[in-house]
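Q: Just dropping this structure here.
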Amino acid sequence: MAAALFISDLHLSEERPEANERFIDFLEGPARSAQALYVLGDLFEYWIGDDDLEAPFNAVMAGMLRGLSQHGVALYVMHGNRDFLMGERFCAATGARLLPDPSVHDIHGVKTLLVHGDTLCTDDHDYQAWRRVARSAEWQREFLGKPREERRGLILGLREKSKAVIQAKPADIMDVNDAAVAEALRRHGTDRLVHGHTHRPGRHRLEVDGRARERWVLPDWYGAGGYLEIGAAEPRLVKFKQ
C-alpha cells in the first residue's frame, strides 16, 4: 500500500516563488505516488475567504491540487491559523476534504491524532484568546461580509502586527505545552500525534499513562521545506534540498 504524506505551514504566496516552485515539484513528484496527502494547516500565507479563488495565484495553486486529487490521491486539508476561512468552495475547486481539528485517522494500522498544532500552545494566552474570537461564527460572518479588498487590507495589517508581537514573545510559550499534548493523546486514545504550526520539525517520544507514544512535528516551508511519510516502513521526515 502506498504511503500517506503530511505537510503543513507552506505559507504559499506570490511573494515566495521558491516555495511555490517546490510545492509544484512536490505535487508532481512524491505526492503523485501517495495514497493520501494531508495538509495540516497554513497551506496559504493568508486566506480572506473562498472568493479569493478568483485571484490568479490562488487559482493556479487550487488547480494543481485538483490535478492531484483527479490523479487518485486522497486529499485532506485542515485549517491553520492563517487559512481558517477556507470552506466548501475551496474544497469543490480542489477535490479536497476539509478535516476538523482535531481528527483521528487510521494511518497504516495506527490510530493517529491529527491537529494543526496551535491548540496545543496553551501557554500563549493572548493567541488563544484571539483564536477563540477569530473562530467564532459571529466574527467570521462580520469579516466575510466586508468587500474582498477591505478584507485583504485587514488581514495584511494583522500580519504585520503579528510579526511584531511574535518577536516580543518568549520562544517557549510558542511551543506546545507537554500537558496539553498528553491530554490530547489520552482523550482521543491515540499513540501517535502529527502536527505542524511550531516550525520545529522532529520526532518526540513520550510516555502517557504508562504507554509509549510519539509526536511528529512537520517542517515549515520558509526554509527548505519537507514532509512526513508514513507507510509500511518506519515513518520518516523528508527534508528538501535547498
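In the C-alpha cells, the first chain shown is A, the next is B, and so on; residue numbers restart at 1 for each chain, and ligands run from 1 in the order shown.
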Which residues, written as a list in words, have at least one atom at most 6 Å from Thr94 of chain A, with only C-alpha atoms counted and residues fewer than 3 positions away on the same chain left out?

A: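 So the residues in contact are Ala62, Leu65, Arg66 and Cys91 of chain A.
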
Q: Export C-alpha atoms of the chosen residues as a tab-separated table (two decimals), in the first residue's frame?

A:
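Writing the result to part.tsv gives the following:
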chain	number	residue	atom	x	y	z
A	62	ALA	CA	-6.00	25.22	-6.45
A	65	LEU	CA	-4.25	20.39	-6.05
A	66	ARG	CA	-7.21	19.47	-8.24
A	91	CYS	CA	-12.89	22.01	-1.39

Q: Determine, using only C-alpha atoms, which residues of segment 72-155 of chain A have any atom at most 10 Å from an atom of segment 231-235 of chain A, and tabulate each with its shortest atom pair and distance in Å to one decimal place, rows ordered by chain and then rising number, as CSV.

A:
residue,atom,partner,partner_atom,distance
A:Ile107,CA,A:Gly231,CA,8.0
A:His108,CA,A:Gly231,CA,6.3
A:Gly109,CA,A:Ala232,CA,9.2

Q: Those residues you just picked out, can you put them in a file as a PDB file, in the first residue's frame with C-alpha atoms?

A:
ATOM      1  CA  ILE A 107      -2.749   5.585   9.117  1.00  0.00           C
ATOM      2  CA  HIS A 108      -1.325   2.219   8.083  1.00  0.00           C
ATOM      3  CA  GLY A 109      -2.873   0.478  11.052  1.00  0.00           C
TER       4      GLY A 109
END

Q: Please identify all polymer residues within 12 Å of Pro17 of chain A, counting only C-alpha atoms, omitting same-chain residues fewer than 6 positions from it, and present them as a VMD selection string.

A: chain A and resid 10 to 11 23 to 24 57 221 to 222

Q: Compile the contact shell of Ala31 of chain A as a VMD selection string: residues with an atom at most 12 Å away, counting only C-alpha atoms, same-chain residues fewer than 4 positions apart removed.

A: chain A and resid 2 to 7 22 to 27 35 to 39 64 to 65 67 to 69 71 to 75 226 to 229

Q: Keeping only C-alpha atoms, write those residues as a CSV table (one decimal), in the first residue's frame.

A:
chain,number,residue,atom,x,y,z
A,2,ALA,CA,1.3,3.5,-0.9
A,3,ALA,CA,2.3,5.9,1.9
A,4,ALA,CA,0.4,8.8,3.4
A,5,LEU,CA,2.2,12.1,3.2
A,6,PHE,CA,1.8,15.0,5.6
A,7,ILE,CA,2.7,18.7,5.1
A,22,ARG,CA,8.9,23.4,-4.5
A,23,PHE,CA,5.3,22.8,-3.9
A,24,ILE,CA,4.5,22.3,-7.5
A,25,ASP,CA,7.5,19.9,-7.8
A,26,PHE,CA,6.3,18.0,-4.7
A,27,LEU,CA,2.8,17.7,-6.2
A,35,GLN,CA,-2.2,7.0,-1.1
A,36,ALA,CA,-3.2,10.3,0.5
A,37,LEU,CA,-1.9,13.8,1.1
A,38,TYR,CA,-2.8,15.5,4.4
A,39,VAL,CA,-2.3,19.3,4.6
A,64,MET,CA,-2.5,22.0,-9.0
A,65,LEU,CA,-4.3,20.4,-6.1
A,67,GLY,CA,-4.8,17.7,-10.6
A,68,LEU,CA,-3.5,15.6,-7.7
A,69,SER,CA,-6.9,14.6,-6.5
A,71,HIS,CA,-4.9,11.5,-10.2
A,72,GLY,CA,-6.5,9.4,-7.5
A,73,VAL,CA,-4.7,10.7,-4.4
A,74,ALA,CA,-7.0,11.3,-1.5
A,75,LEU,CA,-6.6,15.0,-0.4
A,226,GLY,CA,9.7,18.9,3.6
A,227,TYR,CA,7.1,16.3,4.5
A,228,LEU,CA,6.4,13.3,6.8
A,229,GLU,CA,5.9,9.9,5.1

Q: Could you find all residues in segment 1-232 of chain A that DSSP calls helix (DSSP H, G or I) from the backbone, and write them as number ranges by chain?

A: A: 17-28, 30-33, 50-54, 56-70, 88-94, 118-120, 125-134, 137-144, 148-168, 171-174, 178-188

Q: Going by DSSP on the backbone, which residues of segment 128-204 of chain A come out as strand (DSSP E)? List them as a PDB file with N, CA and C atoms, in the first residue's frame.

A:
ATOM      1  N   ARG A 192      -0.128   8.065  18.502  1.00  0.00           N
ATOM      2  CA  ARG A 192       0.672   8.901  17.602  1.00  0.00           C
ATOM      3  C   ARG A 192      -0.061  10.217  17.358  1.00  0.00           C
ATOM      4  N   LEU A 193       0.712  11.296  17.367  1.00  0.00           N
ATOM      5  CA  LEU A 193       0.197  12.639  17.094  1.00  0.00           C
ATOM      6  C   LEU A 193       1.044  13.257  15.991  1.00  0.00           C
ATOM      7  N   VAL A 194       0.379  13.863  15.004  1.00  0.00           N
ATOM      8  CA  VAL A 194       1.075  14.580  13.933  1.00  0.00           C
ATOM      9  C   VAL A 194       0.537  16.006  13.899  1.00  0.00           C
ATOM     10  N   HIS A 195       1.443  16.976  13.893  1.00  0.00           N
ATOM     11  CA  HIS A 195       1.003  18.374  13.843  1.00  0.00           C
ATOM     12  C   HIS A 195       2.082  19.246  13.222  1.00  0.00           C
ATOM     13  N   GLY A 202      10.460  17.379  13.932  1.00  0.00           N
ATOM     14  CA  GLY A 202      11.172  16.319  14.628  1.00  0.00           C
ATOM     15  C   GLY A 202      10.221  15.268  15.158  1.00  0.00           C
ATOM     16  N   ARG A 203      10.814  14.250  15.764  1.00  0.00           N
ATOM     17  CA  ARG A 203      10.068  13.163  16.385  1.00  0.00           C
ATOM     18  C   ARG A 203      10.332  13.199  17.887  1.00  0.00           C
ATOM     19  N   HIS A 204       9.257  13.160  18.662  1.00  0.00           N
ATOM     20  CA  HIS A 204       9.369  13.202  20.117  1.00  0.00           C
ATOM     21  C   HIS A 204       8.706  11.952  20.694  1.00  0.00           C
TER      22      HIS A 204
END
